[in-house]
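Shown next: structure.txt, containing compact mmCIF, C-alpha atoms.
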```txt
# COMPACT_ATOMS: atom_id res chain seq x y z
CA MET A 1 111.75 -26.67 -81.48
CA ALA A 2 113.44 -23.46 -82.59
CA GLU A 3 116.83 -23.53 -84.28
CA LEU A 4 119.64 -22.67 -81.88
CA PHE A 5 122.72 -20.54 -82.45
CA HIS A 6 125.93 -22.45 -81.72
CA LEU A 7 129.52 -21.33 -81.91
CA ARG A 8 131.60 -23.90 -83.72
CA ASP A 9 135.31 -24.34 -84.28
CA VAL A 10 136.06 -25.45 -87.82
CA PRO A 11 139.72 -25.94 -88.72
CA ARG A 12 141.00 -22.78 -90.39
CA ALA A 13 142.51 -24.80 -93.24
CA GLN A 14 139.03 -26.12 -94.16
CA LEU A 15 137.50 -22.65 -94.06
CA ASP A 16 140.34 -21.21 -96.13
CA ALA A 17 140.15 -24.02 -98.71
CA GLU A 18 136.39 -23.60 -99.15
CA ARG A 19 136.66 -19.80 -99.28
CA ASP A 20 139.38 -20.00 -101.94
CA ARG A 21 137.44 -22.59 -103.97
CA VAL A 22 134.24 -20.56 -104.03
CA LEU A 23 135.95 -17.20 -104.59
CA ALA A 24 137.90 -18.63 -107.54
CA ARG A 25 134.67 -19.94 -109.04
CA LEU A 26 132.97 -16.59 -108.51
CA ARG A 27 135.81 -14.55 -109.95
CA SER A 28 135.92 -16.67 -113.10
CA ALA A 29 132.18 -16.30 -113.72
CA LEU A 30 131.24 -12.80 -112.56
CA PRO A 31 131.09 -9.76 -114.83
CA PRO A 32 134.22 -7.55 -114.57
CA ALA A 33 132.35 -4.85 -112.65
CA ALA A 34 131.46 -7.24 -109.79
CA ASP A 35 133.65 -7.78 -106.74
CA ALA A 36 133.67 -10.88 -104.49
CA ARG A 37 135.19 -11.20 -101.03
CA GLU A 38 134.85 -12.88 -97.65
CA VAL A 39 132.82 -11.15 -94.97
CA GLY A 40 131.40 -12.34 -91.66
CA SER A 41 133.10 -13.83 -88.64
CA THR A 42 135.64 -15.88 -90.58
CA ALA A 43 137.03 -12.70 -92.17
CA ILE A 44 138.46 -11.84 -88.73
CA PRO A 45 140.42 -14.87 -87.48
CA THR A 46 140.01 -14.02 -83.76
CA LEU A 47 136.23 -13.65 -83.93
CA PRO A 48 134.13 -16.64 -82.80
CA GLY A 49 131.48 -17.84 -85.21
CA LYS A 50 129.21 -20.64 -86.37
CA GLY A 51 131.91 -22.16 -88.53
CA ASP A 52 130.18 -20.93 -91.66
CA LEU A 53 131.42 -18.80 -94.53
CA ASP A 54 129.78 -15.61 -95.68
CA LEU A 55 130.82 -14.17 -99.01
CA LEU A 56 129.80 -10.85 -100.47
CA VAL A 57 129.40 -10.02 -104.12
CA ARG A 58 128.95 -6.33 -104.91
CA ALA A 59 127.99 -4.97 -108.31
CA PRO A 60 127.23 -1.46 -109.56
CA ALA A 61 123.50 -1.02 -110.18
CA PRO A 62 123.80 -1.28 -113.99
CA ALA A 63 125.62 -4.64 -113.63
CA PHE A 64 123.41 -6.09 -110.88
CA ASP A 65 121.08 -8.10 -113.13
CA ALA A 66 123.97 -9.59 -115.13
CA THR A 67 125.74 -10.45 -111.88
CA ARG A 68 122.60 -12.09 -110.49
CA ALA A 69 122.24 -14.09 -113.72
CA ALA A 70 125.85 -15.28 -113.42
CA LEU A 71 125.26 -16.33 -109.80
CA ASP A 72 121.95 -18.01 -110.72
CA ALA A 73 123.92 -20.18 -113.16
CA LEU A 74 126.32 -21.24 -110.40
CA PHE A 75 124.35 -21.59 -107.15
CA PRO A 76 120.80 -22.00 -105.86
CA ARG A 77 119.08 -18.95 -104.44
CA ASP A 78 118.48 -19.10 -100.70
CA PRO A 79 114.68 -19.10 -100.22
CA GLN A 80 115.17 -17.89 -96.62
CA GLN A 81 117.05 -14.79 -97.76
CA LEU A 82 115.72 -11.56 -99.16
CA SER A 83 115.25 -11.46 -102.92
CA CYS A 84 114.64 -8.03 -104.45
CA ALA A 85 115.92 -5.57 -107.05
CA ASP A 86 119.13 -4.83 -105.11
CA TYR A 87 119.79 -7.91 -102.95
CA GLN A 88 119.89 -11.67 -103.46
CA GLY A 89 121.03 -14.45 -101.15
CA TYR A 90 122.52 -17.78 -102.29
CA ARG A 91 123.50 -21.10 -100.71
CA VAL A 92 126.70 -22.77 -101.87
CA PRO A 93 126.99 -26.56 -101.75
CA SER A 94 130.14 -27.58 -99.89
CA PRO A 95 131.92 -30.93 -100.27
CA LEU A 96 133.04 -30.46 -96.66
CA GLY A 97 129.49 -29.92 -95.43
CA LEU A 98 130.12 -26.29 -94.43
CA ASP A 99 127.37 -23.69 -94.42
CA ILE A 100 128.36 -21.22 -97.17
CA ALA A 101 126.26 -18.22 -98.11
CA ILE A 102 126.65 -15.50 -100.70
CA GLN A 103 125.02 -12.09 -100.39
CA LEU A 104 124.73 -10.12 -103.62
CA THR A 105 124.25 -6.38 -103.16
CA VAL A 106 124.25 -3.26 -105.27
CA LEU A 107 127.48 -1.36 -104.71
CA ASP A 108 126.75 1.54 -102.32
CA GLY A 109 123.10 0.43 -102.19
CA ARG A 110 120.86 0.17 -99.15
CA TRP A 111 122.05 -3.38 -98.30
CA ASP A 112 125.74 -2.69 -98.90
CA ASP A 113 126.77 -2.49 -95.23
CA PHE A 114 128.86 -5.65 -94.89
CA LEU A 115 132.22 -4.01 -95.59
CA PRO A 116 131.64 -0.91 -93.44
CA PHE A 117 130.79 -3.19 -90.49
CA LEU A 118 133.81 -5.39 -91.15
CA ASP A 119 136.04 -2.29 -91.37
CA ALA A 120 134.60 -1.02 -88.07
CA LEU A 121 135.41 -4.34 -86.38
CA ARG A 122 138.94 -4.33 -87.79
CA THR A 123 139.68 -0.78 -86.65
CA ASP A 124 137.95 -0.71 -83.25
CA PRO A 125 139.23 -3.33 -80.77
CA ASP A 126 136.51 -2.43 -78.25
CA LEU A 127 133.78 -2.96 -80.84
CA LEU A 128 135.34 -6.28 -81.84
CA ALA A 129 135.47 -7.40 -78.18
CA ARG A 130 131.84 -6.42 -77.62
CA TYR A 131 130.75 -8.26 -80.79
CA ALA A 132 132.66 -11.40 -79.73
CA ALA A 133 131.02 -11.15 -76.29
CA LEU A 134 127.58 -10.89 -77.92
CA LYS A 135 128.26 -14.04 -79.92
CA ARG A 136 129.44 -15.95 -76.84
CA ALA A 137 126.43 -14.76 -74.82
CA TRP A 138 124.02 -16.12 -77.46
CA ASP A 139 125.70 -19.54 -77.84
CA GLY A 140 123.03 -22.22 -77.34
CA ARG A 141 120.14 -19.76 -77.50
CA PRO A 142 117.43 -19.30 -80.17
CA MET A 143 118.82 -18.39 -83.60
CA ASP A 144 116.06 -15.90 -84.44
CA ALA A 145 116.65 -13.97 -81.20
CA TYR A 146 120.42 -14.05 -81.82
CA ARG A 147 119.88 -12.65 -85.32
CA GLU A 148 117.76 -9.83 -83.89
CA ALA A 149 120.42 -8.99 -81.28
CA LYS A 150 123.15 -9.16 -83.92
CA ALA A 151 121.19 -6.91 -86.30
CA ALA A 152 120.64 -4.34 -83.54
CA PHE A 153 124.35 -4.43 -82.69
CA ILE A 154 125.33 -3.93 -86.34
CA ARG A 155 122.85 -1.07 -86.81
CA ALA A 156 124.22 0.69 -83.72
CA ALA A 157 127.84 0.15 -84.79
CA LEU A 158 127.17 1.51 -88.28
CA ALA A 159 125.23 4.50 -86.90
CA ALA A 160 128.15 5.30 -84.58
CA GLN A 161 130.59 4.94 -87.49
CA ARG A 162 128.48 7.31 -89.65
CA ALA A 163 128.29 9.83 -86.79
CA ARG A 164 132.08 9.75 -86.35
CA ARG A 165 132.62 10.25 -90.08
CA SER A 166 130.12 13.08 -90.15
CA ALA A 167 131.83 14.78 -87.21
CA ASP A 168 135.23 14.33 -88.89
CA GLN A 169 133.94 16.00 -92.06
CA ARG A 170 132.47 19.07 -90.37
CA PRO A 171 134.60 22.17 -90.73
CA SER A 172 136.23 23.13 -87.48
CA ARG A 173 135.08 26.35 -85.92
CA SER A 174 137.46 28.96 -84.62
CA ARG A 175 137.43 29.24 -80.88
CA ARG A 176 136.25 32.64 -79.83
CA SER A 177 136.30 34.08 -76.40
CA PRO A 178 133.16 35.90 -75.29
CA GLN A 179 135.12 39.15 -75.21
CA THR A 180 136.57 39.09 -78.72
CA GLY A 181 133.62 38.10 -80.90
CA PRO A 182 133.82 37.06 -84.57
CA SER A 183 135.85 39.97 -85.97
CA SER A 184 138.73 39.54 -83.52
CA ALA A 185 138.85 35.76 -84.01
CA ALA A 186 139.26 36.14 -87.76
CA SER A 187 142.36 38.27 -87.42
CA THR A 188 144.36 35.98 -85.14
```
Would it be possible to restate this file's structure as structure tokens?
Amino acid sequence: MAELFHLRDVPRAQLDAERDRVLARLRSALPPAADAREVGSTAIPTLPGKGDLDLLVRAPAPAFDATRAALDALFPRDPQQLSCADYQGYRVPSPLGLDIAIQLTVLDGRWDDFLPFLDALRTDPDLLARYAALKRAWDGRPMDAYREAKAAFIRAALAAQRARRSADQRPSRSRRSPQTGPSSAAST
């Protein structure tokens, strides 16, 4: 039978304690150029989730291999996650039995979309509500299908965010009436 996606309430104190424990361990072992932080549903207290922790480690491309080596010394690689020149997934053993994952990405690389999505959720209440609704709608349904729906949602949210940023960065055009034309508009 296929694995099912289930929302789960884990006491916040347990999540916070495990997050703090793992982040402290990461920060003491990672190269100075690497950055570690919480991402995923638990990073937004009002968002429902599986009761797991997702942590992100980002490193500039020149420090990626050293960062991966430091993580390899701490945690087992996740064989179900992508492993390539700019991404590596890890599983973190938890004394509380929580599911804890680390995603290592190259800073500003092709897989470095965790923080932009988290920022979009934090700044757009409608997006956050729609993402929470997606999670609730998939509760008790096949995990693989949930992951596909979630990935499509994230891709669409990031594409919309990029389009908004692009529109914000375009120079504004002067409004011209059909009668005045370009030369009149420049003098007003």
Put the listed atoms of range 70-89 of chain A in a box along x, y and z with 5 Å added on every side and give me the centre and edge lengths in Å to one decimal, as JSON.
```
{"center_x": 120.5, "center_y": -13.4, "center_z": -105.0, "size_x": 21.7, "size_y": 27.2, "size_z": 26.8}
```
Can you tell me, as an MDAnalysis selection string, what residues are no more than 9 Å from range 74-82 of chain A when counting only C-alpha atoms, ignoring any on the same chain fewer than 2 positions away?
-> chainID A and resid 25:26 29 69:72 84 87:93 101:103
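Atom to atom, CA of Ala13 in chain A and CA of Leu56 in chain A stand 20.2 Å apart.
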Spatial neighbours of range 148-165 of chain A, 12 Å, only C-alpha atoms, chain gap at least 5 places, as a PyMOL selection string = chain A and resi 5+40-41+111-121+123-124+126-128+130-138+141-143+170
Which of these, A:Leu53, A:Pro125, A:Asp144, A:Leu30, has the shortest distance to Ser94 in chain A once you count all atoms listed in the file?
-> A:Leu53
In Å and to one decimal, CA of Thr105 in chain A is distant from CA of Ala61 in chain A by 8.9 Å
Using only C-alpha atoms, which of the listed residues (A:Pro31, A:Pro171, A:Gly140, A:Pro95) sits closest to Lys50 in chain A?
->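 Of all the options, A:Gly140 lies closest to Lys50 in chain A.
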In terms of the shortest atom-to-atom distance over all atoms listed in the file, which of A:Asp35, A:Pro11, A:Ala167, A:Tyr146 is closest to Arg58 in chain A?
->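 Answer, going by the shortest atom-to-atom distance: A:Asp35.
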Within 9 Å of file point (131.5, -19.6, -87.3), counting all atoms listed in the file, expressed as a PyMOL selection string | chain A and resi 6-10+40-42+47-53
Option closest in space to Pro60 in chain A, from A:Ala85, A:Ala34, A:Ala145, A:Ala2 [counting all atoms listed in the file] |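 Residue with the minimum atom-to-atom distance to Pro60 in chain A: A:Ala34.
You will find CA of Arg27 in chain A at 9.8 Å from CA of Val57 in chain A.
Take the candidates A:Leu4, A:Ala66, A:Leu104, A:Leu98 and check each one against Ser83 in chain A using all atoms listed in the file; the shortest distance goes to A:Leu104.
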